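Trainee: Please read through the structure below; I'll follow up with questions.
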Amino acid sequence: MSSNESAPAAGRLRVRRAPWLAWLRRHEVNVGDGLFRMVTAVFAASAVVLIAAMAIELVMESTPSLSKFGLSFLWSSDWDPVAEVYGALPYIFGTVMSSLLALVIAVPIALGVAIFLVELAPRPLARPIGFMVELLAAVPSVVYGLWGIFVLAPWLREHLEPFLAHTLGWLPFFQGKARGIGMLCGGVVLAIMILPTIASVSRDVLRAVPAAQREGALALGATRWEMIRAVVLPYARSGILGAVILGLGRALGETMAITMVIGNRAEISWSLFKLGYSMASVIANEFAEATTDLHLAALAEIGLLLFGVTLLLNMGARILVWRVSRLPGEKK
Amino acid sequence: MPAAAADLGYRRRKLVDRLARGFCIGATALAVLPLFLVLYYVAEKGLAGVSWDFFTKMPMPVGETGGGMKHALMGTLIVVAVASAIGIPVGILAGIYLGEFGQGGKFGQVVRFSADVMAGIPSITVGLFVYAVVVLTMGSFSALAGGIALAILMIPTVMRTTEEMLKLVPAHLREAALALGAPKRRAIWRVAVRTAAPGIATGVVLAIARISGETAPLLFTALGKDYFSTDLGKPIATLPVQIYNYAISPYDDWHQQAWTAALVLVFMVLVFNLAARALVASRGAKR
């Protein structure tokens with residue numbers, strides 16, 4: 001071997017290898033290969049180990065709060081670091097509300113994008129647009145936040161919110177003073193941020209629908225839209241649901257942009273014009289400054305909640321998406 | 001059926017088809033609009049603050065104009081370098097296992113699933129985890145802790161791209177290497193991994209682009225301070241955290257600095273993404 005010739009010292013060492021190694025070699029057990037496989041397996045295990053470690057660590061961090069407040073943590077609205085009472089309801093409400101709002105805005109648009117990219121767009125157009133949607137996901141969260149504060153919020157305050165109050169003001173969602181910053185702004189920014197996730201996963205799912213299904217529908221005289229509605233969408237239904245759940249998971253855990261635009265006031269209100277607060281935001285705002293163990297534990301418990309919910313959502317979504325893309329007739 | 005009625009039905013169906021197509025096109029236009037708006041405003045507001053000072057000076061105290069973000073630029077470089085040094089090898093080795101040994105096996109399946117799930121875990125909870133494991137153990141916020149948090153975010157992406165790229169390498173290349181007497185590890189390392197290298201590099205570049213803009217996990221790991229530091233054991237300022245702090249401050253000067261920093265960050269991310277694209281295109285590799 002060339003390495004032996006170039007390094008004679010190493011070569012001589014190698015001759016005097018341990019007897020058990022020689023035995024293995026004679027019996028055609030390849031030690032190097034086994035070792036290589038083992039090393040890569042150890043690193044592969046890191047994914048599983050990290051998730052487990054995160055779960056355990058978060059539970060341990062939040063134990064003081066878990067044992068002191070129990071389930072009341074979830075529906076109490078008192079959050080007072082001075083009195084050492086913690087209830088997370090306003091934050092849970094804010095997170096759920098802003099995420100649902102984001103879904104309402106993003107899902108129809110994202111589906112439109114996915115259908116356009118797979119079924120309608122000519123190839124030379126589909127690639128650059130797909131790339132642009134990917135870039136939308138690449139812009140850092142904090143940049144969306146910055147843009148949200150200084151561009152989107154003033155626009156909402158001057159234009160969209162007065163318009164909504166004027167036309168739909170009788171609904172409980174559009175009442176109060178137009179501030180710009182607030183739940184609506186948070187929902188819109190979140191929608192922009194989760195749109196690429198939903199669009200690109202749906203696109204992949206739609207692509208997995210066999211061409212024969214489409215051709216069958218077209219051969220029966222369906223228009224393109226009828227084909228999409230009657231054949232493509234039902235076939236991809238559970239995968240699209242998976243994509244939406246993935247988007248929801250992303251919205252729930254999104255931190256920076258929402259912290260910058262939601263207003264950070266722990267209030268429960270149905271009006272989208274009001275300021276709100278989210279679970280991730282309260283962790284971001286208070287964790288580095290929290291001094292008492294109980295305060296840290298309460299924040300960690302919010303983190304644990306966020307972790308648990310997104311973990312379950314992601315597991316469910318992955319299973320749904322995997323199932324569709326593994327159906328027979330898959331084309332790559 | 002009378003011909004007129006059939007004709008009417010057909011017209012209606014055609015109209016619905018048109019409307020639905022119109023909706024999809026409109027939705028796509030609406031979806032990419034924010035990208036252009038964000039890029040436009042970041043460029044417009046950010047360019048005003050671009051100067052040599054921004055890259056070479058430290059921030060000025062409140063009330064004095066000028067100054068720069070030398071410390072945060074350096075900090076981002078350091079933290080991302082630490083994250084890459086940990087995340088890339090771990091991700092690639094794990095990906096090699098998935099691509100070369102873990103096809104069809106139970107363990108491989110579990111790992112693949114975990115990696116996908118891990119990619120969806122909120123980055124702020126990764127920050128909480130690293131705070132407990134690294135910051136509390138070391139007794140202080142540090143650049144190292146920030147790097148570890150970002151590395152954790154990087155691993156799933158690198159792992160899964162490596163696997164996907166290895167699966168694209170034709171089996172006969174490996175078989176040829178084995179037939180020539182190479183041990184399996186060499187067939188994988190020198191032949192399969194080398195063939196897949198451009199694809200893997202693409203994944204790595206995209207992962208770096210993603211983590212260099214991450215803010216939430218750094219808030220209570222790297223923390224961020226207003227002094228220049230290259231010490232891995234000390235808190236360190238980073239560009240994203242600096243943007244956040246300046247954006248929520250009440251000072252116009254700081255807002256200007258935040259926009260300029262955002263421009264630098266977005267420029268970096270765009271360059272990384274375009275580089276990844278070019279990497280794919282150059283070898284004609286499939287995505």
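Please note that chains go A, B, ... in the order of the structure tokens, that every chain numbers its residues from 1, and that ligands are numbered from 1 in the order shown.
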If you count only C-alpha atoms, which residues fall within 12 Å of Val133 of chain B, apart from same-chain ones fewer than 2 positions away, as a PDB file with N, CA and C atoms, in the first residue's frame?

Mentor:
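The result, written out as part-v9.pdb:
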ATOM      1  N   LEU A  50     -30.549  14.065  21.373  1.00  0.00           N
ATOM      2  CA  LEU A  50     -30.783  15.488  21.631  1.00  0.00           C
ATOM      3  C   LEU A  50     -32.240  15.761  21.969  1.00  0.00           C
ATOM      4  N   ALA A  53     -32.830  14.468  25.418  1.00  0.00           N
ATOM      5  CA  ALA A  53     -32.151  15.308  26.404  1.00  0.00           C
ATOM      6  C   ALA A  53     -32.894  16.627  26.591  1.00  0.00           C
ATOM      7  N   MET A  54     -33.393  17.193  25.490  1.00  0.00           N
ATOM      8  CA  MET A  54     -34.132  18.449  25.604  1.00  0.00           C
ATOM      9  C   MET A  54     -35.378  18.264  26.451  1.00  0.00           C
ATOM     10  N   ILE A  56     -35.973  15.993  28.767  1.00  0.00           N
ATOM     11  CA  ILE A  56     -35.621  15.771  30.173  1.00  0.00           C
ATOM     12  C   ILE A  56     -35.163  17.078  30.822  1.00  0.00           C
ATOM     13  N   GLU A  57     -34.307  17.799  30.118  1.00  0.00           N
ATOM     14  CA  GLU A  57     -33.747  19.029  30.670  1.00  0.00           C
ATOM     15  C   GLU A  57     -34.834  20.061  30.930  1.00  0.00           C
ATOM     16  N   LEU A  58     -35.784  20.182  29.996  1.00  0.00           N
ATOM     17  CA  LEU A  58     -36.852  21.162  30.173  1.00  0.00           C
ATOM     18  C   LEU A  58     -37.759  20.784  31.337  1.00  0.00           C
ATOM     19  N   MET A  60     -36.798  19.105  33.980  1.00  0.00           N
ATOM     20  CA  MET A  60     -36.046  19.380  35.197  1.00  0.00           C
ATOM     21  C   MET A  60     -36.014  20.870  35.505  1.00  0.00           C
ATOM     22  N   GLU A  61     -35.795  21.685  34.457  1.00  0.00           N
ATOM     23  CA  GLU A  61     -35.753  23.136  34.661  1.00  0.00           C
ATOM     24  C   GLU A  61     -37.065  23.668  35.206  1.00  0.00           C
TER      25      GLU A  61
ATOM     26  N   VAL B 126     -34.455  25.466  22.058  1.00  0.00           N
ATOM     27  CA  VAL B 126     -33.065  25.017  21.974  1.00  0.00           C
ATOM     28  C   VAL B 126     -32.193  25.923  22.843  1.00  0.00           C
ATOM     29  N   GLY B 127     -32.520  27.225  22.831  1.00  0.00           N
ATOM     30  CA  GLY B 127     -31.808  28.168  23.689  1.00  0.00           C
ATOM     31  C   GLY B 127     -31.967  27.812  25.161  1.00  0.00           C
ATOM     32  N   LEU B 128     -33.197  27.472  25.567  1.00  0.00           N
ATOM     33  CA  LEU B 128     -33.435  27.088  26.968  1.00  0.00           C
ATOM     34  C   LEU B 128     -32.614  25.866  27.336  1.00  0.00           C
ATOM     35  N   PHE B 129     -32.558  24.911  26.419  1.00  0.00           N
ATOM     36  CA  PHE B 129     -31.820  23.669  26.654  1.00  0.00           C
ATOM     37  C   PHE B 129     -30.329  23.956  26.829  1.00  0.00           C
ATOM     38  N   VAL B 130     -29.775  24.740  25.915  1.00  0.00           N
ATOM     39  CA  VAL B 130     -28.342  25.028  25.988  1.00  0.00           C
ATOM     40  C   VAL B 130     -28.024  25.873  27.214  1.00  0.00           C
ATOM     41  N   TYR B 131     -28.960  26.744  27.585  1.00  0.00           N
ATOM     42  CA  TYR B 131     -28.760  27.525  28.806  1.00  0.00           C
ATOM     43  C   TYR B 131     -28.553  26.586  29.997  1.00  0.00           C
ATOM     44  N   VAL B 135     -24.617  26.926  29.750  1.00  0.00           N
ATOM     45  CA  VAL B 135     -24.413  28.179  30.478  1.00  0.00           C
ATOM     46  C   VAL B 135     -24.348  27.930  31.983  1.00  0.00           C
ATOM     47  N   LEU B 136     -25.261  27.142  32.508  1.00  0.00           N
ATOM     48  CA  LEU B 136     -25.243  26.878  33.951  1.00  0.00           C
ATOM     49  C   LEU B 136     -24.000  26.101  34.350  1.00  0.00           C
ATOM     50  N   THR B 137     -23.571  25.162  33.493  1.00  0.00           N
ATOM     51  CA  THR B 137     -22.388  24.366  33.814  1.00  0.00           C
ATOM     52  C   THR B 137     -21.128  25.233  33.802  1.00  0.00           C
ATOM     53  N   MET B 138     -21.023  26.098  32.793  1.00  0.00           N
ATOM     54  CA  MET B 138     -19.825  26.923  32.690  1.00  0.00           C
ATOM     55  C   MET B 138     -19.890  28.110  33.628  1.00  0.00           C
ATOM     56  N   GLY B 139     -21.080  28.434  34.076  1.00  0.00           N
ATOM     57  CA  GLY B 139     -21.229  29.532  35.013  1.00  0.00           C
ATOM     58  C   GLY B 139     -21.313  30.901  34.364  1.00  0.00           C
ATOM     59  N   SER B 140     -21.367  30.950  33.034  1.00  0.00           N
ATOM     60  CA  SER B 140     -21.533  32.271  32.413  1.00  0.00           C
ATOM     61  C   SER B 140     -22.058  32.123  30.990  1.00  0.00           C
ATOM     62  N   PHE B 141     -22.723  33.185  30.524  1.00  0.00           N
ATOM     63  CA  PHE B 141     -23.103  33.236  29.114  1.00  0.00           C
ATOM     64  C   PHE B 141     -21.825  33.240  28.285  1.00  0.00           C
ATOM     65  N   LEU B 144     -19.310  30.246  23.169  1.00  0.00           N
ATOM     66  CA  LEU B 144     -19.347  28.801  22.965  1.00  0.00           C
ATOM     67  C   LEU B 144     -20.783  28.283  23.078  1.00  0.00           C
ATOM     68  N   ALA B 145     -21.499  28.738  24.107  1.00  0.00           N
ATOM     69  CA  ALA B 145     -22.884  28.305  24.293  1.00  0.00           C
ATOM     70  C   ALA B 145     -23.735  28.693  23.087  1.00  0.00           C
ATOM     71  N   GLY B 146     -23.527  29.918  22.595  1.00  0.00           N
ATOM     72  CA  GLY B 146     -24.265  30.355  21.411  1.00  0.00           C
ATOM     73  C   GLY B 146     -23.980  29.454  20.227  1.00  0.00           C
ATOM     74  N   ILE B 148     -22.977  26.363  20.266  1.00  0.00           N
ATOM     75  CA  ILE B 148     -23.570  25.029  20.446  1.00  0.00           C
ATOM     76  C   ILE B 148     -25.061  25.067  20.110  1.00  0.00           C
ATOM     77  N   ALA B 149     -25.743  26.126  20.557  1.00  0.00           N
ATOM     78  CA  ALA B 149     -27.174  26.236  20.258  1.00  0.00           C
ATOM     79  C   ALA B 149     -27.402  26.249  18.749  1.00  0.00           C
ATOM     80  N   THR B 221     -27.818  32.630  25.497  1.00  0.00           N
ATOM     81  CA  THR B 221     -26.621  31.772  25.448  1.00  0.00           C
ATOM     82  C   THR B 221     -25.393  32.652  25.193  1.00  0.00           C
TER      83      THR B 221
END

Trainee: Give me the residues within 10 Å of Gln256 of chain B as a list in words, counting only C-alpha atoms and dropping any in the same chain fewer than 4 places off.

Mentor: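 Skipping anything fewer than 4 positions along the chain leaves Lys45, Gly46, Leu47, Ala48, Gly49, Val50, Ile243, Tyr246, Ala247, Tyr251, Asp252, Thr260, Ala261 and Ala262 of chain B.
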
Trainee: With only C-alpha atoms as the atoms that count, which of B:Pro61, B:Asp17, B:Lys234, B:Arg12 lies nearest to Glu226 of chain A?

Mentor: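 Closest residue, counting only C-alpha atoms: B:Asp17.
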
Trainee: What's around segment 73-84 of chain B at 8 Å? Count only C-alpha atoms, leave out sequence neighbours fewer than 3 positions away in its own chain, and write the answer as a ChimeraX atom specification.

Mentor: /B:55,69-70,87-88,143-144,146-151,154,208,211-212,229-230,236-239

Trainee: Create the file for the chosen residues now, containing N, CA and C atoms and written as an mmCIF file, in the first residue's frame.

Mentor:
data_model
loop_
_atom_site.group_PDB
_atom_site.id
_atom_site.type_symbol
_atom_site.label_atom_id
_atom_site.label_comp_id
_atom_site.auth_asym_id
_atom_site.auth_seq_id
_atom_site.Cartn_x
_atom_site.Cartn_y
_atom_site.Cartn_z
ATOM 1 N N PHE B 55 -18.212 49.045 9.603
ATOM 2 C CA PHE B 55 -17.532 47.760 9.694
ATOM 3 C C PHE B 55 -16.307 47.782 10.603
ATOM 4 N N MET B 69 -20.487 48.504 14.013
ATOM 5 C CA MET B 69 -20.843 47.234 14.642
ATOM 6 C C MET B 69 -19.738 46.205 14.495
ATOM 7 N N LYS B 70 -18.517 46.658 14.565
ATOM 8 C CA LYS B 70 -17.385 45.760 14.416
ATOM 9 C C LYS B 70 -17.527 44.543 15.345
ATOM 10 N N GLY B 87 -21.445 21.417 14.129
ATOM 11 C CA GLY B 87 -22.624 20.934 13.412
ATOM 12 C C GLY B 87 -22.313 20.207 12.114
ATOM 13 N N ILE B 88 -21.322 20.702 11.348
ATOM 14 C CA ILE B 88 -21.070 20.097 10.042
ATOM 15 C C ILE B 88 -20.553 18.659 10.159
ATOM 16 N N ALA B 143 -19.831 32.753 24.094
ATOM 17 C CA ALA B 143 -19.867 32.540 22.658
ATOM 18 C C ALA B 143 -19.984 31.055 22.349
ATOM 19 N N LEU B 144 -19.310 30.246 23.169
ATOM 20 C CA LEU B 144 -19.347 28.801 22.965
ATOM 21 C C LEU B 144 -20.783 28.283 23.078
ATOM 22 N N GLY B 146 -23.527 29.918 22.595
ATOM 23 C CA GLY B 146 -24.265 30.355 21.411
ATOM 24 C C GLY B 146 -23.980 29.454 20.227
ATOM 25 N N GLY B 147 -22.694 29.135 20.055
ATOM 26 C CA GLY B 147 -22.303 28.269 18.940
ATOM 27 C C GLY B 147 -22.933 26.895 19.047
ATOM 28 N N ILE B 148 -22.977 26.363 20.266
ATOM 29 C CA ILE B 148 -23.570 25.029 20.446
ATOM 30 C C ILE B 148 -25.061 25.067 20.110
ATOM 31 N N ALA B 149 -25.743 26.126 20.557
ATOM 32 C CA ALA B 149 -27.174 26.236 20.258
ATOM 33 C C ALA B 149 -27.402 26.249 18.749
ATOM 34 N N LEU B 150 -26.590 27.030 18.031
ATOM 35 C CA LEU B 150 -26.764 27.095 16.576
ATOM 36 C C LEU B 150 -26.400 25.762 15.925
ATOM 37 N N ALA B 151 -25.391 25.085 16.482
ATOM 38 C CA ALA B 151 -24.996 23.786 15.921
ATOM 39 C C ALA B 151 -26.160 22.813 15.978
ATOM 40 N N MET B 154 -28.439 23.286 13.295
ATOM 41 C CA MET B 154 -27.855 23.002 11.994
ATOM 42 C C MET B 154 -27.891 21.508 11.669
ATOM 43 N N ILE B 208 -25.744 27.050 7.037
ATOM 44 C CA ILE B 208 -25.012 28.198 7.589
ATOM 45 C C ILE B 208 -25.820 29.483 7.388
ATOM 46 N N ILE B 211 -28.613 29.587 10.044
ATOM 47 C CA ILE B 211 -28.256 29.877 11.437
ATOM 48 C C ILE B 211 -27.648 31.259 11.609
ATOM 49 N N SER B 212 -27.074 31.829 10.541
ATOM 50 C CA SER B 212 -26.419 33.122 10.766
ATOM 51 C C SER B 212 -27.445 34.216 11.029
ATOM 52 N N SER B 229 -15.005 41.305 21.663
ATOM 53 C CA SER B 229 -14.476 40.121 22.331
ATOM 54 C C SER B 229 -14.290 39.010 21.313
ATOM 55 N N THR B 230 -13.233 38.250 21.505
ATOM 56 C CA THR B 230 -13.055 37.054 20.682
ATOM 57 C C THR B 230 -12.944 35.838 21.584
ATOM 58 N N ILE B 236 -20.867 37.325 23.920
ATOM 59 C CA ILE B 236 -20.397 37.954 22.690
ATOM 60 C C ILE B 236 -21.580 38.571 21.961
ATOM 61 N N ALA B 237 -21.358 39.735 21.351
ATOM 62 C CA ALA B 237 -22.415 40.387 20.582
ATOM 63 C C ALA B 237 -22.532 39.703 19.225
ATOM 64 N N THR B 238 -23.747 39.627 18.699
ATOM 65 C CA THR B 238 -23.930 39.099 17.346
ATOM 66 C C THR B 238 -24.838 40.038 16.578
ATOM 67 N N LEU B 239 -24.736 39.965 15.273
ATOM 68 C CA LEU B 239 -25.504 40.857 14.407
ATOM 69 C C LEU B 239 -27.017 40.754 14.653
#

Trainee: When you count only C-alpha atoms, which of these residues is closest to chain A: B:Val269, B:Leu173, B:Ala72, B:Leu180?

Mentor: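 Of the candidates, the smallest distance to chain A is held by B:Val269.
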
Trainee: Hey, what's within 6 Å of segment 90-102 of chain B if we count only C-alpha atoms and toss same-chain stuff fewer than 2 positions away? As an MDAnalysis selection string, please?

Mentor: (chainID A and resid 40:41 43:44) or (chainID B and resid 87:88 105 108 155 158:159 162:163 166:167)

Trainee: Give me, as number ranges by chain, all polymer residues having an atom no more than 12 Å from Arg190 of chain B, counting only C-alpha atoms and skipping those fewer than 5 positions away in the same chain.

Mentor: B: 173-174, 177-178, 182-185, 195-197

Trainee: Restricting it to C-alpha atoms, dump the selection as a PDB file, in the first residue's frame.

Mentor:
ATOM      1  CA  LEU B 173     -19.704   3.458  -8.307  1.00  0.00           C
ATOM      2  CA  ARG B 174     -19.516   1.885  -4.863  1.00  0.00           C
ATOM      3  CA  ALA B 177     -14.627   0.526  -5.694  1.00  0.00           C
ATOM      4  CA  LEU B 178     -15.405  -2.642  -3.735  1.00  0.00           C
ATOM      5  CA  ALA B 182     -11.301  -1.158  -1.404  1.00  0.00           C
ATOM      6  CA  PRO B 183     -12.781  -1.745   2.041  1.00  0.00           C
ATOM      7  CA  LYS B 184     -16.308  -0.496   2.430  1.00  0.00           C
ATOM      8  CA  ARG B 185     -15.360   2.527   4.474  1.00  0.00           C
ATOM      9  CA  THR B 195     -19.275  12.152  -5.637  1.00  0.00           C
ATOM     10  CA  ALA B 196     -21.999  13.637  -3.487  1.00  0.00           C
ATOM     11  CA  ALA B 197     -19.754  16.459  -2.227  1.00  0.00           C
TER      12      ALA B 197
END

Trainee: Find, counting only C-alpha atoms, the residue in A:Leu160, A:Leu136, A:Ala211, A:Leu103 that gets nearest to chain B.

Mentor: A:Leu136

Trainee: Where does DSSP see alpha helix (DSSP H) in segment 8-109 of chain B, if you list the residues as a count of residues only?

Mentor: 76

Trainee: Excluding Ile109 of chain A and residues on its chain fewer than 2 positions from it, collect all residues at most 10 Å away from it, counting only C-alpha atoms, and give them as a compact mmCIF listing (two decimals) with C-alpha atoms, in the first residue's frame.

Mentor:
# COMPACT_ATOMS: atom_id res chain seq x y z
CA LEU A 103 -52.98 30.12 9.22
CA VAL A 104 -56.18 31.81 8.05
CA ILE A 105 -54.14 34.22 5.97
CA ALA A 106 -51.36 31.89 4.81
CA VAL A 107 -53.12 28.61 3.98
CA LEU A 111 -52.15 26.43 -1.57
CA GLY A 112 -52.62 28.78 -4.50
CA VAL A 113 -48.84 29.01 -4.84
CA ALA A 114 -48.40 25.25 -4.64
CA ILE A 115 -51.10 24.59 -7.25
CA ALA A 191 -48.33 34.42 7.89
CA LEU A 195 -46.18 30.65 3.94
CA ILE A 198 -46.74 25.35 3.73
CA ALA A 199 -46.25 26.18 0.05
CA PHE B 23 -56.75 33.02 -7.89
CA CYS B 24 -53.64 30.83 -8.02
CA ILE B 25 -51.74 33.41 -10.03
CA GLY B 26 -52.88 36.19 -7.72
CA ALA B 27 -51.90 34.17 -4.65
CA THR B 28 -48.44 33.59 -6.07
CA ALA B 29 -47.98 37.27 -6.78
CA LEU B 30 -49.19 38.12 -3.28
CA ALA B 31 -46.84 35.53 -1.77

Trainee: May I ask which of the residues B:Ala171, B:Ile124, B:Ile188, B:Ile86 is the closest one to Arg37 of chain A, counting only C-alpha atoms?

Mentor: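 With only C-alpha atoms as the atom set, the closest residue is B:Ile188.
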
Trainee: From the set A:Thr197, A:Ser99, A:Ser77, A:Ser278, which residue has the shortest atom-to-atom contact distance to Glu134 of chain A, counting only C-alpha atoms?

Mentor: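 Closest to Glu134 of chain A of all the choices is A:Thr197.
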
Trainee: Applying 10 Å and only C-alpha atoms, which residues near segment 279-281 of chain B remain after dropping the ones on its own chain fewer than 5 positions away? List them as a VMD selection string.

Mentor: chain B and resid 198 to 203 205 273 to 274 286 to 287

Trainee: Using only C-alpha atoms, which of the listed residues (A:Gly87, A:Gly182, A:Pro128, A:Gly32) sits closest to Arg277 of chain B?

Mentor: A:Pro128

Trainee: Could you tell me, as a count of residues only, which residues of segment 51-93 of chain A DSSP assigns to strand (DSSP E or B) when given the backbone?

Mentor: 4

Trainee: Figure out the distance between atom CA of Leu153 of chain B and atom CA of Ala119 of chain B, please, to one decimal in Å.

Mentor: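 So the two atoms, atom CA of Ala119 of chain B and atom CA of Leu153 of chain B, lie 7.0 Å apart.
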